>>> print(open('work_11.txt').read())   # compact mmCIF, C-alpha atoms
# COMPACT_ATOMS: atom_id res chain seq x y z
CA MET P 75 7.05 -51.78 -38.96
CA GLU P 76 5.67 -48.58 -40.44
CA GLU P 77 7.91 -48.69 -43.50
CA PHE P 78 6.17 -51.92 -44.58
CA PRO P 79 2.42 -51.41 -44.13
CA TRP P 80 1.70 -54.54 -46.16
CA VAL P 81 3.07 -56.83 -43.41
CA ALA P 82 2.09 -57.46 -39.79
CA LYS P 83 3.98 -58.63 -36.72
CA ILE P 84 2.54 -61.51 -34.71
CA ASN P 85 3.69 -63.57 -31.72
CA ILE P 86 4.37 -67.22 -32.52
CA LEU P 87 5.60 -70.37 -30.86
CA LYS P 88 8.53 -71.89 -32.75
CA PHE P 89 9.98 -75.38 -32.51
CA LEU P 90 13.65 -75.33 -33.53
CA ASN P 91 16.32 -77.98 -32.93
CA GLY P 92 14.32 -79.52 -30.11
CA GLU P 93 13.68 -76.19 -28.40
CA ARG P 94 10.45 -74.34 -27.73
CA ILE P 95 10.90 -70.65 -28.54
CA GLU P 96 8.42 -67.80 -28.06
CA THR P 97 9.24 -65.16 -30.64
CA GLU P 98 7.87 -62.62 -33.09
CA ASP P 99 7.30 -63.25 -36.78
CA VAL P 100 6.31 -61.18 -39.80
CA VAL P 101 3.38 -62.22 -42.03
CA ILE P 102 1.78 -60.74 -45.15
CA ARG P 103 -1.38 -58.72 -44.74
CA GLU P 104 -4.19 -60.13 -46.88
CA GLU P 105 -7.45 -58.29 -47.44
CA PRO P 106 -10.36 -58.46 -49.92
CA LEU P 107 -10.64 -56.01 -52.79
CA GLU P 108 -14.00 -55.28 -54.42
CA ILE P 109 -13.95 -53.87 -57.94
CA PHE P 110 -17.12 -52.11 -59.05
CA ILE P 111 -17.68 -51.28 -62.72
CA ASP P 112 -20.22 -48.54 -63.41
CA GLY P 113 -21.69 -49.04 -59.94
CA GLU P 114 -22.01 -52.83 -60.19
CA GLN P 115 -19.82 -55.24 -58.24
CA PHE P 116 -17.83 -57.21 -60.77
CA PHE P 117 -14.83 -58.77 -58.98
CA LEU P 118 -13.90 -59.79 -55.49
CA THR P 119 -10.30 -60.85 -55.03
CA MET P 120 -7.96 -61.40 -52.10
CA ARG P 121 -4.73 -59.44 -52.27
CA MET P 122 -1.90 -57.79 -50.37
CA PRO P 123 -2.94 -54.15 -49.74
CA GLY P 124 -1.37 -51.57 -52.05
CA GLU P 125 -1.49 -50.72 -55.75
CA GLU P 126 -5.24 -51.29 -55.92
CA ILE P 127 -5.76 -49.02 -58.96
CA PRO P 128 -3.17 -50.86 -61.11
CA LEU P 129 -4.58 -54.19 -59.90
CA ALA P 130 -8.11 -53.22 -60.96
CA LEU P 131 -6.89 -52.01 -64.35
CA GLY P 132 -4.73 -55.07 -64.96
CA LEU P 133 -7.47 -57.47 -63.94
CA CYS P 134 -10.05 -55.78 -66.15
CA PHE P 135 -7.61 -55.84 -69.06
CA SER P 136 -6.83 -59.53 -68.52
CA GLU P 137 -10.56 -60.29 -68.46
CA GLY P 138 -11.12 -58.45 -71.74
CA ILE P 139 -13.27 -55.69 -70.25
CA ILE P 140 -10.90 -52.93 -71.40
CA GLU P 141 -8.42 -52.81 -74.27
CA SER P 142 -6.42 -49.85 -72.95
CA ILE P 143 -6.54 -47.05 -70.42
CA ASP P 144 -8.41 -45.04 -73.05
CA ASP P 145 -11.51 -47.17 -72.39
CA VAL P 146 -11.64 -45.91 -68.80
CA MET P 147 -13.52 -42.72 -68.03
CA GLY P 148 -12.52 -42.72 -64.36
CA ILE P 149 -11.17 -44.92 -61.57
CA ASN P 150 -10.96 -44.17 -57.87
CA TYR P 151 -11.31 -45.49 -54.36
CA CYS P 152 -14.63 -45.51 -52.57
CA GLY P 153 -15.82 -42.11 -51.30
CA ASP P 154 -14.62 -42.74 -47.77
CA MET P 155 -11.13 -43.63 -49.05
CA ASN P 156 -11.80 -47.29 -48.36
CA GLN P 157 -8.89 -48.95 -50.14
CA ASN P 158 -10.74 -52.26 -50.19
CA ARG P 159 -13.08 -50.97 -52.89
CA VAL P 160 -12.22 -49.50 -56.29
CA ASN P 161 -14.81 -47.89 -58.56
CA MET P 162 -14.17 -47.98 -62.31
CA TYR P 163 -16.27 -46.12 -64.86
CA LEU P 164 -16.06 -47.06 -68.53
CA LYS P 165 -16.79 -44.95 -71.55
CA GLY P 166 -20.29 -45.51 -72.86
CA GLU P 167 -19.34 -47.26 -76.08
CA VAL P 168 -17.38 -50.02 -74.26
CA SER P 169 -19.29 -50.39 -71.00
CA GLY P 170 -22.21 -52.76 -71.55
CA LYS P 171 -20.87 -54.87 -74.43
CA ASN P 172 -17.48 -55.57 -72.89
CA ARG P 173 -19.00 -56.56 -69.55
CA GLN P 174 -21.31 -59.09 -71.19
CA ASP P 175 -18.56 -60.47 -73.44
CA SER P 176 -16.31 -60.89 -70.41
CA LEU P 177 -18.98 -62.77 -68.50
CA LYS P 178 -19.36 -65.18 -71.42
CA ARG P 179 -15.61 -65.79 -71.40
CA ARG P 180 -15.48 -66.31 -67.64
CA PHE P 181 -18.49 -68.62 -67.50
CA PRO P 182 -18.58 -70.52 -70.82
CA VAL P 183 -21.50 -72.81 -71.62
CA TYR P 184 -20.82 -76.04 -73.49
CA SER P 185 -23.30 -78.49 -75.02
CA SER P 186 -21.26 -81.54 -74.05
CA CYS P 187 -21.43 -83.23 -70.65
CA ALA P 188 -18.06 -81.85 -69.57
CA ILE P 189 -15.32 -79.60 -70.75
CA CYS P 190 -11.68 -80.39 -71.40
CA GLY P 191 -8.51 -78.37 -71.81
CA SER P 192 -8.92 -78.12 -75.58
CA ASP P 193 -12.39 -76.57 -75.17
CA ILE P 194 -10.95 -73.87 -72.94
CA ILE P 195 -7.98 -73.26 -75.24
CA ASP P 196 -10.27 -72.95 -78.28
CA GLY P 197 -12.41 -70.34 -76.52
CA VAL P 198 -9.49 -68.30 -75.24
CA SER P 199 -7.50 -68.48 -78.49
CA ARG P 200 -10.30 -66.76 -80.39
CA ASP P 201 -9.85 -63.69 -78.20
CA ILE P 202 -6.03 -63.51 -78.44
CA LYS P 203 -4.16 -62.20 -81.46
CA ARG P 204 -1.23 -64.28 -82.65
CA ILE P 205 1.96 -62.70 -81.30
CA GLU P 206 4.47 -61.44 -83.85
CA GLU P 207 8.10 -62.50 -83.70
CA ARG P 208 10.41 -59.52 -83.24
CA ILE P 209 12.63 -60.36 -80.28
CA ARG P 210 15.86 -62.34 -80.32
CA ILE P 211 17.56 -62.48 -76.94
CA ASP P 212 20.38 -64.34 -75.21
CA ILE P 213 19.08 -66.54 -72.42
CA ARG P 214 21.78 -65.09 -70.16
CA ASN P 215 20.03 -61.74 -70.42
CA LEU P 216 16.79 -63.34 -69.28
CA ILE P 217 18.65 -64.76 -66.29
CA SER P 218 19.82 -61.23 -65.44
CA PHE P 219 16.19 -60.04 -65.63
CA GLN P 220 15.25 -62.73 -63.13
CA LYS P 221 18.00 -61.48 -60.83
CA THR P 222 16.59 -57.95 -61.10
CA LEU P 223 13.17 -59.31 -60.10
CA LEU P 224 14.68 -61.00 -57.06
CA GLU P 225 16.50 -57.84 -56.00
CA LYS P 226 13.34 -55.73 -56.26
CA GLN P 227 11.36 -57.89 -53.83
CA GLU P 228 10.94 -56.25 -50.43
CA VAL P 229 8.17 -58.30 -48.83
CA PHE P 230 9.45 -61.77 -49.71
CA PRO P 231 12.70 -61.45 -47.69
CA LEU P 232 10.59 -60.50 -44.65
CA THR P 233 7.84 -63.09 -45.00
CA GLY P 234 8.83 -65.73 -47.57
CA GLY P 235 5.25 -65.63 -48.82
CA THR P 236 4.86 -63.29 -51.81
CA HIS P 237 5.02 -63.68 -55.56
CA ALA P 238 6.50 -61.09 -57.90
CA ALA P 239 6.08 -60.08 -61.54
CA GLY P 240 8.22 -57.81 -63.69
CA ILE P 241 7.57 -56.50 -67.18
CA PHE P 242 10.68 -55.64 -69.21
CA THR P 243 11.54 -54.12 -72.55
CA PRO P 244 13.56 -56.36 -74.90
CA THR P 245 16.68 -54.39 -73.91
CA GLY P 246 16.17 -55.01 -70.20
CA SER P 247 14.54 -51.82 -68.94
CA LEU P 248 12.09 -52.60 -66.14
CA LEU P 249 8.71 -51.08 -67.05
CA ALA P 250 6.79 -52.33 -64.01
CA PHE P 251 7.26 -54.47 -60.92
CA SER P 252 4.77 -55.70 -58.33
CA GLU P 253 4.59 -58.10 -55.40
CA ASP P 254 1.48 -59.73 -53.98
CA VAL P 255 0.32 -62.70 -51.95
CA GLY P 256 -1.23 -64.04 -55.19
CA ARG P 257 0.79 -64.60 -58.35
CA HIS P 258 -2.17 -63.57 -60.52
CA ASN P 259 -2.52 -60.29 -58.61
CA ALA P 260 1.19 -59.54 -58.90
CA LEU P 261 1.01 -59.84 -62.69
CA ASP P 262 -2.25 -57.88 -62.96
CA LYS P 263 -0.74 -55.07 -60.86
CA ALA P 264 2.31 -54.91 -63.14
CA ILE P 265 0.11 -54.93 -66.25
CA GLY P 266 -2.01 -52.15 -64.76
CA LYS P 267 1.06 -49.99 -64.15
CA VAL P 268 2.15 -50.36 -67.78
CA LEU P 269 -1.36 -49.45 -68.96
CA LEU P 270 -1.44 -46.38 -66.68
CA ASN P 271 1.88 -45.20 -68.13
CA LYS P 272 0.80 -46.02 -71.70
CA LYS P 273 3.95 -48.10 -72.27
CA ARG P 274 2.35 -51.29 -73.53
CA VAL P 275 4.04 -51.01 -76.92
CA GLU P 276 7.43 -51.20 -75.16
CA ALA P 277 6.62 -54.36 -73.19
CA GLY P 278 8.30 -57.49 -74.53
CA ILE P 279 9.11 -59.85 -71.67
CA ILE P 280 7.39 -60.89 -68.45
CA VAL P 281 9.35 -62.54 -65.63
CA LEU P 282 7.55 -64.30 -62.76
CA SER P 283 8.70 -65.66 -59.42
CA SER P 284 6.16 -68.47 -59.74
CA ARG P 285 5.16 -71.40 -61.90
CA ILE P 286 3.54 -70.63 -65.25
CA SER P 287 -0.08 -71.74 -65.12
CA PHE P 288 -2.65 -71.48 -67.89
CA GLU P 289 -4.02 -68.23 -66.41
CA MET P 290 -0.58 -66.62 -66.32
CA ALA P 291 0.08 -67.59 -69.94
CA GLN P 292 -3.34 -66.24 -70.89
CA LYS P 293 -2.63 -62.87 -69.25
CA ALA P 294 0.78 -62.63 -70.94
CA ALA P 295 -0.54 -63.62 -74.38
CA ARG P 296 -3.44 -61.20 -74.17
CA PHE P 297 -1.06 -58.44 -73.10
CA GLY P 298 1.01 -59.20 -76.19
CA VAL P 299 4.49 -59.83 -74.80
CA GLU P 300 6.65 -62.26 -76.74
CA ILE P 301 8.40 -64.07 -73.87
CA LEU P 302 7.07 -65.32 -70.51
CA CYS P 303 9.57 -66.58 -67.94
CA GLY P 304 9.13 -68.23 -64.55
CA VAL P 305 11.35 -69.77 -61.91
CA SER P 306 9.15 -72.89 -61.99
CA PRO P 307 7.79 -74.96 -64.89
CA PRO P 308 4.70 -74.33 -67.02
CA THR P 309 1.63 -76.55 -67.04
CA SER P 310 0.51 -78.51 -70.09
CA LEU P 311 -2.38 -76.10 -70.79
CA ALA P 312 -0.04 -73.11 -70.53
CA ILE P 313 2.23 -74.74 -73.12
CA GLU P 314 -0.68 -75.47 -75.47
CA LEU P 315 -1.97 -71.90 -75.25
CA ALA P 316 1.55 -70.53 -75.80
CA ARG P 317 2.01 -72.65 -78.92
CA ARG P 318 -1.26 -71.44 -80.41
CA SER P 319 -0.57 -67.78 -79.64
CA ASN P 320 3.17 -67.92 -80.57
CA LEU P 321 4.31 -67.06 -77.03
CA THR P 322 7.75 -68.20 -75.90
CA ILE P 323 7.78 -69.81 -72.46
CA VAL P 324 10.98 -70.24 -70.44
CA GLY P 325 10.66 -72.18 -67.19
CA PHE P 326 13.10 -73.01 -64.38
CA LEU P 327 14.80 -69.65 -65.01
CA ARG P 328 17.15 -69.59 -62.03
CA ASN P 329 20.69 -70.43 -60.97
CA HIS P 330 22.17 -69.91 -64.47
CA ARG P 331 19.72 -72.27 -66.15
CA GLY P 332 16.44 -72.24 -68.04
CA ASN P 333 14.21 -74.55 -70.10
CA VAL P 334 12.62 -73.26 -73.31
CA TYR P 335 9.24 -74.96 -73.75
CA THR P 336 7.69 -73.15 -76.74
CA CYS P 337 8.73 -71.01 -79.70
CA PRO P 338 12.50 -71.36 -79.14
CA GLU P 339 13.36 -69.20 -82.16
CA ARG P 340 13.44 -66.09 -79.95
CA ILE P 341 16.02 -67.49 -77.54
CA ILE P 342 19.74 -67.53 -78.21
CA ILE P 343 21.52 -70.28 -76.26
CA PRO P 344 25.34 -70.14 -76.52
CA SER P 345 27.29 -73.32 -77.08
>>> encode(input="work_11.txt", output="structure tokens")
Amino acid sequence: MEEFPWVAKINILKFLNGERIETEDVVIREEPLEIFIDGEQFFLTMRMPGEEIPLALGLCFSEGIIESIDDVMGINYCGDMNQNRVNMYLKGEVSGKNRQDSLKRRFPVYSSCAICGSDIIDGVSRDIKRIEERIRIDIRNLISFQKTLLEKQEVFPLTGGTHAAGIFTPTGSLLAFSEDVGRHNALDKAIGKVLLNKKRVEAGIIVLSSRISFEMAQKAARFGVEILCGVSPPTSLAIELARRSNLTIVGFLRNHRGNVYTCPERIIIPS
């Protein structure tokens, strides 16, 4: 299956309707990706091979290490073209400070015996600007965006095991699309593509094929889109973060339906 290098064929034993069947199946390839920043290993993540440069950029943006592609002096694969390692080099004025600030965000220290959701929300909210309200959109248009996301997926029909993320303009133009074995990676890849193309100012809506967890809401809010949609529901922490950052969340966006959980002013629902 050369046209799909991100999947692999394996022999399996299937039980179907009382029968034992020896057959072939298709599974997603999953491999580790190391991201080095200025020569120092900073991230290790598991992902579906492909789009490693956008993934590294999107992940570093989501973690607050870079604010835009302009903070990056260079990014490439390892010298031997090992696609399981990406080297990123930051401009001097952002390198050291942003790395240390990011570490503090990723590993917060609290004086109390334990942390709770509100502690995490308070810390994250300080780093996210409140999102302005500019978009008004019919929910039926959002449903059409979700259909576009479904039609773009190539690996999921083969394997049933990938997540997808799409970033749209308010008028429905697809700025970036990515698939990955991990829902976080899919979104980071899409964010990285928008950053590479310097189209962040045009991004208004993110559509996911997954549930909306706190981390997904955090990535969307930091990126500055106004609306985050998913085919499954959000978690309570995702809702709390969205309320504080003025992010609209629409869950269960599928089969001509959708639930608006936060900031409903942006969504037009016909009678």
>>> residues_around(input="work_11.txt", residues="Ala316 of chain P", least_positions_apart="6", cutoff="7 Å", atoms="all atoms listed in the file", output="list in words")
Ala291, Thr322 and Thr336 of chain P
>>> atom_distance(input="work_11.txt", atom1="atom CA of Gln292 of chain P", atom2="atom CA of Val334 of chain P")
17.6 Å
>>> residues_around(input="work_11.txt", residues="segment 217-232 of chain P", least_positions_apart="2", cutoff="10 Å", atoms="all atoms listed in the file", output="VMD selection string")
chain P and resid 78 80 to 81 99 to 102 212 to 215 234 to 242 246 to 248 251 to 255 279 to 283 303 to 305 327 to 332
>>> write_last_selection(input="work_11.txt", atoms="C-alpha atoms", output="JSON list (two decimals), in the frame of the given file")
[["chain", "number", "residue", "atom", "x", "y", "z"],
["P", 78, "PHE", "CA", 6.17, -51.92, -44.58],
["P", 80, "TRP", "CA", 1.70, -54.54, -46.16],
["P", 81, "VAL", "CA", 3.07, -56.83, -43.41],
["P", 99, "ASP", "CA", 7.30, -63.25, -36.78],
["P", 100, "VAL", "CA", 6.31, -61.18, -39.80],
["P", 101, "VAL", "CA", 3.38, -62.22, -42.03],
["P", 102, "ILE", "CA", 1.78, -60.74, -45.15],
["P", 212, "ASP", "CA", 20.38, -64.34, -75.21],
["P", 213, "ILE", "CA", 19.08, -66.54, -72.42],
["P", 214, "ARG", "CA", 21.78, -65.09, -70.16],
["P", 215, "ASN", "CA", 20.03, -61.74, -70.42],
["P", 234, "GLY", "CA", 8.83, -65.73, -47.57],
["P", 235, "GLY", "CA", 5.25, -65.63, -48.82],
["P", 236, "THR", "CA", 4.86, -63.29, -51.81],
["P", 237, "HIS", "CA", 5.02, -63.68, -55.56],
["P", 238, "ALA", "CA", 6.50, -61.09, -57.90],
["P", 239, "ALA", "CA", 6.08, -60.08, -61.54],
["P", 240, "GLY", "CA", 8.22, -57.81, -63.69],
["P", 241, "ILE", "CA", 7.57, -56.50, -67.18],
["P", 242, "PHE", "CA", 10.68, -55.64, -69.21],
["P", 246, "GLY", "CA", 16.17, -55.01, -70.20],
["P", 247, "SER", "CA", 14.54, -51.82, -68.94],
["P", 248, "LEU", "CA", 12.09, -52.60, -66.14],
["P", 251, "PHE", "CA", 7.26, -54.47, -60.92],
["P", 252, "SER", "CA", 4.77, -55.70, -58.33],
["P", 253, "GLU", "CA", 4.59, -58.10, -55.40],
["P", 254, "ASP", "CA", 1.48, -59.73, -53.98],
["P", 255, "VAL", "CA", 0.32, -62.70, -51.95],
["P", 279, "ILE", "CA", 9.11, -59.85, -71.67],
["P", 280, "ILE", "CA", 7.39, -60.89, -68.45],
["P", 281, "VAL", "CA", 9.35, -62.54, -65.63],
["P", 282, "LEU", "CA", 7.55, -64.30, -62.76],
["P", 283, "SER", "CA", 8.70, -65.66, -59.42],
["P", 303, "CYS", "CA", 9.57, -66.58, -67.94],
["P", 304, "GLY", "CA", 9.13, -68.23, -64.55],
["P", 305, "VAL", "CA", 11.35, -69.77, -61.91],
["P", 327, "LEU", "CA", 14.80, -69.65, -65.01],
["P", 328, "ARG", "CA", 17.15, -69.59, -62.03],
["P", 329, "ASN", "CA", 20.69, -70.43, -60.97],
["P", 330, "HIS", "CA", 22.17, -69.91, -64.47],
["P", 331, "ARG", "CA", 19.72, -72.27, -66.15],
["P", 332, "GLY", "CA", 16.44, -72.24, -68.04]]
>>> closest_residue(input="work_11.txt", among="P:Tyr335, P:Phe117, P:Phe288, P:Phe89", to="Ile139 of chain P", atoms="only C-alpha atoms")
P:Phe117
>>> atom_distance(input="work_11.txt", atom1="atom CA of Gly278 of chain P", atom2="atom CA of Thr243 of chain P")
5.1 Å
>>> residues_around(input="work_11.txt", residues="Val146 of chain P", least_positions_apart="4", cutoff="9 Å", atoms="all atoms listed in the file", output="list of chain:residue names")
P:Leu131, P:Ile140, P:Ser142, P:Met162, P:Tyr163, P:Leu164, P:Lys165, P:Val168
>>> atom_distance(input="work_11.txt", atom1="atom CA of Ser287 of chain P", atom2="atom CA of Ser136 of chain P")
14.4 Å
>>> decode(input="work_11.txt", residues="segment 231-292 of chain P", atoms="C-alpha atoms", output="CSV table (one decimal), in the first residue's frame")
chain,number,residue,atom,x,y,z
P,231,PRO,CA,-11.8,4.8,6.3
P,232,LEU,CA,-8.9,2.3,6.0
P,233,THR,CA,-8.2,1.8,9.7
P,234,GLY,CA,-11.0,3.3,11.8
P,235,GLY,CA,-8.3,4.6,14.2
P,236,THR,CA,-7.4,8.2,13.5
P,237,HIS,CA,-8.5,11.6,14.7
P,238,ALA,CA,-8.8,14.6,12.4
P,239,ALA,CA,-8.7,18.4,12.9
P,240,GLY,CA,-9.6,21.2,10.5
P,241,ILE,CA,-9.1,24.9,10.8
P,242,PHE,CA,-11.6,27.1,8.8
P,243,THR,CA,-12.1,30.7,8.1
P,244,PRO,CA,-15.5,32.1,9.2
P,245,THR,CA,-16.7,31.8,5.6
P,246,GLY,CA,-15.8,28.1,5.4
P,247,SER,CA,-12.5,28.0,3.6
P,248,LEU,CA,-10.3,25.2,4.9
P,249,LEU,CA,-7.0,26.6,6.0
P,250,ALA,CA,-5.5,23.4,7.3
P,251,PHE,CA,-6.4,19.7,7.8
P,252,SER,CA,-4.5,16.9,9.5
P,253,GLU,CA,-5.1,13.3,10.6
P,254,ASP,CA,-3.2,11.5,13.3
P,255,VAL,CA,-3.4,8.6,15.8
P,256,GLY,CA,-3.6,11.2,18.5
P,257,ARG,CA,-6.2,13.9,18.6
P,258,HIS,CA,-3.7,16.4,20.2
P,259,ASN,CA,-1.2,15.7,17.4
P,260,ALA,CA,-3.9,16.2,14.7
P,261,LEU,CA,-4.7,19.6,16.0
P,262,ASP,CA,-1.1,20.6,16.6
P,263,LYS,CA,-0.3,19.6,13.0
P,264,ALA,CA,-3.1,21.7,11.6
P,265,ILE,CA,-2.0,24.7,13.8
P,266,GLY,CA,1.5,24.2,12.5
P,267,LYS,CA,0.4,24.4,8.9
P,268,VAL,CA,-1.5,27.6,9.5
P,269,LEU,CA,1.6,29.1,11.2
P,270,LEU,CA,3.9,28.0,8.3
P,271,ASN,CA,1.5,29.7,5.8
P,272,LYS,CA,1.2,32.8,8.1
P,273,LYS,CA,-2.6,32.6,7.9
P,274,ARG,CA,-3.4,32.7,11.6
P,275,VAL,CA,-5.3,36.0,11.3
P,276,GLU,CA,-7.8,34.2,9.0
P,277,ALA,CA,-8.4,31.3,11.3
P,278,GLY,CA,-11.8,31.5,13.1
P,279,ILE,CA,-13.2,28.0,13.6
P,280,ILE,CA,-11.7,24.6,14.6
P,281,VAL,CA,-13.5,21.3,13.9
P,282,LEU,CA,-12.5,18.1,15.6
P,283,SER,CA,-13.4,14.5,15.0
P,284,SER,CA,-13.0,13.8,18.7
P,285,ARG,CA,-14.3,14.9,22.1
P,286,ILE,CA,-13.3,18.3,23.4
P,287,SER,CA,-10.9,17.9,26.4
P,288,PHE,CA,-9.3,20.6,28.4
P,289,GLU,CA,-6.1,20.3,26.4
P,290,MET,CA,-8.0,20.7,23.1
P,291,ALA,CA,-9.8,23.8,24.4
P,292,GLN,CA,-6.5,25.2,25.7
